[in-house]
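The structure file data09.cif is reproduced below (mmCIF, C-alpha atoms).
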data_structure
#
loop_
_atom_site.group_PDB
_atom_site.id
_atom_site.type_symbol
_atom_site.label_atom_id
_atom_site.label_comp_id
_atom_site.auth_asym_id
_atom_site.auth_seq_id
_atom_site.Cartn_x
_atom_site.Cartn_y
_atom_site.Cartn_z
ATOM 1 C CA MET C 1 0.000 0.000 0.000
ATOM 2 C CA SER C 2 1.416 3.376 -0.957
ATOM 3 C CA GLU C 3 2.188 6.056 1.613
ATOM 4 C CA LEU C 4 -0.331 8.401 -0.030
ATOM 5 C CA THR C 5 -3.077 5.777 0.290
ATOM 6 C CA THR C 6 -2.115 5.119 3.908
ATOM 7 C CA ASN C 7 -2.171 8.834 4.706
ATOM 8 C CA MET C 8 -5.550 9.239 3.021
ATOM 9 C CA LYS C 9 -7.026 6.328 4.974
ATOM 10 C CA GLU C 10 -5.632 7.712 8.221
ATOM 11 C CA ALA C 11 -7.089 11.122 7.396
ATOM 12 C CA ALA C 12 -10.487 9.556 6.641
ATOM 13 C CA VAL C 13 -10.440 7.506 9.861
ATOM 14 C CA ASN C 14 -9.414 10.570 11.874
ATOM 15 C CA LYS C 15 -12.136 12.680 10.258
ATOM 16 C CA ILE C 16 -14.856 10.224 11.244
ATOM 17 C CA ASN C 17 -13.420 9.532 14.709
ATOM 18 C CA SER C 18 -12.992 13.201 15.547
ATOM 19 C CA SER C 19 -16.494 14.227 14.471
ATOM 20 C CA LYS C 20 -18.679 11.297 15.507
ATOM 21 C CA GLY C 21 -18.899 12.482 19.129
ATOM 22 C CA GLU C 22 -20.217 15.881 18.022
ATOM 23 C CA VAL C 23 -22.892 14.541 15.668
ATOM 24 C CA LYS C 24 -26.451 15.105 16.783
ATOM 25 C CA HIS C 25 -29.768 13.951 15.383
ATOM 26 C CA SER C 26 -33.110 13.741 17.107
ATOM 27 C CA TRP C 27 -34.291 10.312 16.005
ATOM 28 C CA MET C 28 -31.120 8.793 14.505
ATOM 29 C CA SER C 29 -28.988 9.054 17.645
ATOM 30 C CA ASP C 30 -28.890 5.276 18.137
ATOM 31 C CA LEU C 31 -27.426 4.801 14.629
ATOM 32 C CA ILE C 32 -24.616 7.362 14.815
ATOM 33 C CA GLU C 33 -22.138 4.961 16.430
ATOM 34 C CA PRO C 34 -23.009 1.845 14.337
ATOM 35 C CA ILE C 35 -22.671 3.799 11.092
ATOM 36 C CA SER C 36 -19.263 5.122 12.155
ATOM 37 C CA ILE C 37 -18.169 1.597 13.132
ATOM 38 C CA TYR C 38 -19.231 0.311 9.718
ATOM 39 C CA LEU C 39 -17.414 3.107 7.866
ATOM 40 C CA LEU C 40 -14.277 2.709 9.982
ATOM 41 C CA GLY C 41 -14.353 -1.044 9.362
ATOM 42 C CA ARG C 42 -14.526 -0.457 5.621
ATOM 43 C CA LEU C 43 -11.634 1.979 5.818
ATOM 44 C CA GLU C 44 -9.376 -0.027 8.136
ATOM 45 C CA ASN C 45 -10.189 -3.663 7.491
ATOM 46 C CA ASP C 46 -11.451 -3.763 3.935
ATOM 47 C CA ASN C 47 -8.793 -1.367 2.628
ATOM 48 C CA ASP C 48 -11.420 0.651 0.808
ATOM 49 C CA ASP C 49 -9.194 3.209 -0.926
ATOM 50 C CA GLU C 50 -12.087 4.686 -2.852
ATOM 51 C CA LEU C 51 -14.118 5.331 0.303
ATOM 52 C CA ALA C 52 -11.122 7.061 1.859
ATOM 53 C CA THR C 53 -10.877 9.482 -1.072
ATOM 54 C CA TRP C 54 -14.575 10.272 -0.737
ATOM 55 C CA VAL C 55 -14.507 10.772 3.042
ATOM 56 C CA VAL C 56 -11.558 13.192 3.051
ATOM 57 C CA GLN C 57 -13.278 15.660 0.740
ATOM 58 C CA GLU C 58 -13.389 18.968 2.583
ATOM 59 C CA HIS C 59 -17.128 19.550 2.176
ATOM 60 C CA LYS C 60 -18.079 16.056 3.369
ATOM 61 C CA THR C 61 -18.844 15.783 7.090
ATOM 62 C CA TYR C 62 -20.111 13.012 9.310
ATOM 63 C CA GLN C 63 -22.972 15.263 10.492
ATOM 64 C CA LYS C 64 -24.092 15.747 6.884
ATOM 65 C CA CYS C 65 -23.791 11.985 6.388
ATOM 66 C CA ILE C 66 -26.168 11.295 9.274
ATOM 67 C CA ASN C 67 -28.586 13.975 8.028
ATOM 68 C CA PHE C 68 -28.441 12.423 4.539
ATOM 69 C CA VAL C 69 -29.136 8.946 5.909
ATOM 70 C CA ALA C 70 -32.055 10.299 7.953
ATOM 71 C CA ASP C 71 -33.511 11.999 4.868
ATOM 72 C CA GLN C 72 -33.087 8.833 2.804
ATOM 73 C CA CYS C 73 -34.757 6.715 5.498
ATOM 74 C CA HIS C 74 -37.642 9.182 5.663
ATOM 75 C CA LYS C 75 -38.052 9.045 1.869
ATOM 76 C CA HIS C 76 -37.714 5.260 1.818
ATOM 77 C CA LEU C 77 -40.478 4.867 4.403
ATOM 78 C CA ASN C 78 -42.626 7.632 2.881
ATOM 79 C CA GLY C 79 -42.715 9.351 6.253
ATOM 80 C CA LYS C 80 -44.438 6.401 7.901
ATOM 81 C CA PRO C 81 -43.143 4.284 10.790
ATOM 82 C CA GLY C 82 -41.202 1.247 9.687
ATOM 83 C CA GLN C 83 -37.841 -0.453 9.616
ATOM 84 C CA ILE C 84 -34.900 -0.437 7.283
ATOM 85 C CA SER C 85 -32.182 -3.062 7.425
ATOM 86 C CA ASP C 86 -28.798 -2.130 8.840
ATOM 87 C CA ASN C 87 -27.126 -2.919 5.516
ATOM 88 C CA GLU C 88 -29.426 -0.500 3.683
ATOM 89 C CA VAL C 89 -28.607 2.228 6.220
ATOM 90 C CA TYR C 90 -24.870 1.564 5.850
ATOM 91 C CA LEU C 91 -25.157 1.743 2.067
ATOM 92 C CA MET C 92 -26.967 5.073 2.401
ATOM 93 C CA ALA C 93 -23.962 6.375 4.350
ATOM 94 C CA ILE C 94 -21.623 5.143 1.610
ATOM 95 C CA ASP C 95 -23.894 6.796 -0.981
ATOM 96 C CA TYR C 96 -23.543 10.120 0.827
ATOM 97 C CA PHE C 97 -19.761 10.005 0.650
ATOM 98 C CA ARG C 98 -19.808 8.671 -2.920
ATOM 99 C CA ALA C 99 -22.067 11.408 -4.285
ATOM 100 C CA ASP C 100 -20.199 14.087 -6.199
ATOM 101 C CA ASP C 101 -21.855 17.050 -4.614
ATOM 102 C CA ALA C 102 -19.079 19.634 -4.575
ATOM 103 C CA GLU C 103 -20.900 21.720 -7.184
ATOM 104 C CA LEU C 104 -24.189 21.267 -5.343
ATOM 105 C CA GLU C 105 -22.499 22.486 -2.154
ATOM 106 C CA ARG C 106 -21.223 25.589 -3.960
ATOM 107 C CA GLN C 107 -24.696 26.270 -5.375
ATOM 108 C CA LYS C 108 -26.256 25.742 -1.940
ATOM 109 C CA LYS C 109 -23.837 28.220 -0.354
ATOM 110 C CA ALA C 110 -24.560 30.765 -3.092
ATOM 111 C CA ALA C 111 -28.305 30.305 -2.595
ATOM 112 C CA GLU C 112 -27.882 30.691 1.172
ATOM 113 C CA ALA C 113 -25.952 33.929 0.608
ATOM 114 C CA VAL C 114 -28.742 35.269 -1.611
ATOM 115 C CA ASP C 115 -31.332 34.214 0.979
ATOM 116 C CA ALA C 116 -29.386 35.972 3.721
ATOM 117 C CA GLU C 117 -29.176 39.121 1.617
ATOM 118 C CA ASN C 118 -32.919 38.995 0.908
ATOM 119 C CA ARG C 119 -33.638 38.450 4.597
ATOM 120 C CA ALA C 120 -31.500 41.467 5.468
ATOM 121 C CA LYS C 121 -33.410 43.591 2.938
ATOM 122 C CA ARG C 122 -36.764 42.424 4.315
ATOM 123 C CA ASN C 123 -35.613 43.136 7.859
ATOM 124 C CA GLU C 124 -34.521 46.636 6.853
ATOM 125 C CA GLU C 125 -37.833 47.250 5.092
ATOM 126 C CA SER C 126 -39.705 46.011 8.153
ATOM 127 C CA ARG C 127 -37.651 48.258 10.390
ATOM 128 C CA ILE C 128 -38.390 51.294 8.172
ATOM 129 C CA LEU C 129 -42.113 50.471 8.078
ATOM 130 C CA ALA C 130 -42.157 50.058 11.857
ATOM 131 C CA GLU C 131 -40.479 53.434 12.296
ATOM 132 C CA GLU C 132 -42.960 55.056 9.898
ATOM 133 C CA HIS C 133 -45.857 53.420 11.727
ATOM 134 C CA LYS C 134 -44.483 54.601 15.062
ATOM 135 C CA ALA C 135 -44.040 58.160 13.762
ATOM 136 C CA LYS C 136 -47.601 58.154 12.373
ATOM 137 C CA SER C 137 -48.910 56.780 15.644
ATOM 138 C CA GLU C 138 -47.089 59.511 17.567
ATOM 139 C CA ALA C 139 -48.489 62.164 15.210
ATOM 140 C CA ASP C 140 -52.009 60.727 15.661
ATOM 141 C CA LYS C 141 -51.552 60.857 19.445
ATOM 142 C CA GLN C 142 -50.482 64.495 19.243
ATOM 143 C CA VAL C 143 -53.515 65.381 17.106
ATOM 144 C CA GLU C 144 -55.769 63.567 19.559
ATOM 145 C CA ALA C 145 -54.135 65.346 22.492
ATOM 146 C CA SER C 146 -54.615 68.697 20.732
ATOM 147 C CA LYS C 147 -58.305 67.928 20.175
ATOM 148 C CA LYS C 148 -58.726 66.975 23.829
ATOM 149 C CA ALA C 149 -56.934 70.144 24.944
ATOM 150 C CA ALA C 150 -59.135 72.251 22.694
ATOM 151 C CA GLY C 151 -62.214 70.497 24.049
ATOM 152 C CA LYS C 152 -61.134 71.146 27.641
ATOM 153 C CA LYS C 153 -60.806 74.870 26.981
ATOM 154 C CA MET C 154 -64.425 74.975 25.879
ATOM 155 C CA VAL C 155 -65.560 72.994 28.885
ATOM 156 C CA ASP C 156 -63.871 75.336 31.339
ATOM 157 C CA GLY C 157 -66.643 77.855 30.855
ATOM 158 C CA GLN C 158 -65.497 79.690 27.788
ATOM 159 C CA LEU C 159 -67.978 80.201 25.074
ATOM 160 C CA GLY C 160 -67.109 79.301 21.557
ATOM 161 C CA LEU C 161 -67.537 81.678 18.627
ATOM 162 C CA PHE C 162 -70.901 80.205 17.653
ATOM 163 C CA ASP C 163 -72.290 79.785 21.187
#

As structure tokens:
Amino acid sequence: MSELTTNMKEAAVNKINSSKGEVKHSWMSDLIEPISIYLLGRLENDNDDELATWVVQEHKTYQKCINFVADQCHKHLNGKPGQISDNEVYLMAIDYFRADDAELERQKKAAEAVDAENRAKRNEESRILAEEHKAKSEADKQVEASKKAAGKKMVDGQLGLFD
């Protein structure tokens, strides 16, 4: 085995080992460890060079792998309760790392940036509208206060022009 292949496998093993403790998922928590054990077994025992090259890609993470598996399970079961075999789940994890999604990741980040910019614009517009509404409300209160003050003057015993 070449040194480059060995280094890549070590990097892949380290990537999974270092991130598996941080991975969180609400209903897949009991599968996080078994999936990592399966992947590590493929990397260490089966000498899966191809898997190692997929795992070490910068944009691939174990958290995204678990999220992908959860999404695939949900789709597979059509959102209904049910079971999926361990082997199918493990293959879903392999499919995540195998998928060439670097371009999709770039597009997703660009879309997220546009969404963030649009959100910022909407927030600014909302802030401006709120300020305008507040100013109008204050002006309406002043007009109302002026009317009340004018009404009080008449009540205090002064006669109006047409009285």

Distance query C:Lys20 at most 12 Å, all atoms listed in the file, self and fewer than 5 positions along chain excluded, as a list in words: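 The filter keeps Val13, Asn14, Lys15, His25, Ser29, Leu31, Ile32, Glu33, Pro34, Ile35, Ser36, Ile37, Leu39, Leu40, Thr61, Tyr62, Gln63, Lys64, Cys65 and Ile66 of chain C.
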
Nearest residue to C:Leu91 from the set C:Val143, C:Lys136, C:Glu58, C:Tyr38 (distances using all atoms listed in the file): C:Tyr38

Which residue of C:Glu144, C:Glu131, C:Asp101, C:Asp30 approaches C:Asp86 most closely, using only C-alpha atoms: C:Asp30

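Taking all atoms listed in the file into account, C:Glu50 lies nearest to C:Thr5 out of the set C:Gln83, C:Gln72, C:Thr5, C:Asn17.
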
Between atom CA of C:Asp49 and atom CA of C:His76, distance in Å (one decimal): 28.7 Å

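When atom CA of C:Phe68 is paired with atom CA of C:Ala11, their separation reads 21.6 Å.
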
Closest of C:Leu43, C:Val69, C:Ala145, C:Ala110 to C:Tyr96 - atom-to-atom distances counting only C-alpha atoms: C:Val69

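Of the listed residues (C:Gln57, C:Asn78, C:Thr6, C:Asn123), C:Thr6 comes nearest to C:Glu44; the distances count all atoms listed in the file.
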
From C:Ala135, C:Ala130, C:Ala149, C:Ala12, residue lying nearest C:Asp48 [all atoms listed in the file]: C:Ala12

Point-to-point distance in Å for atom CA of C:Asp71 and atom CA of C:Ile84: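 Separation between atom CA of C:Ile84 and atom CA of C:Asp71: 12.7 Å.
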
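Picked out by the PyMOL selection byres ((chain C and resi 100) around 12) when it runs on this file: Thr53, Trp54, Val55, Gln57, His59, Lys60, Ile94, Asp95, Tyr96, Phe97, Arg98, Ala99, Asp101, Ala102, Glu103, Leu104, Glu105 and Arg106 of chain C.
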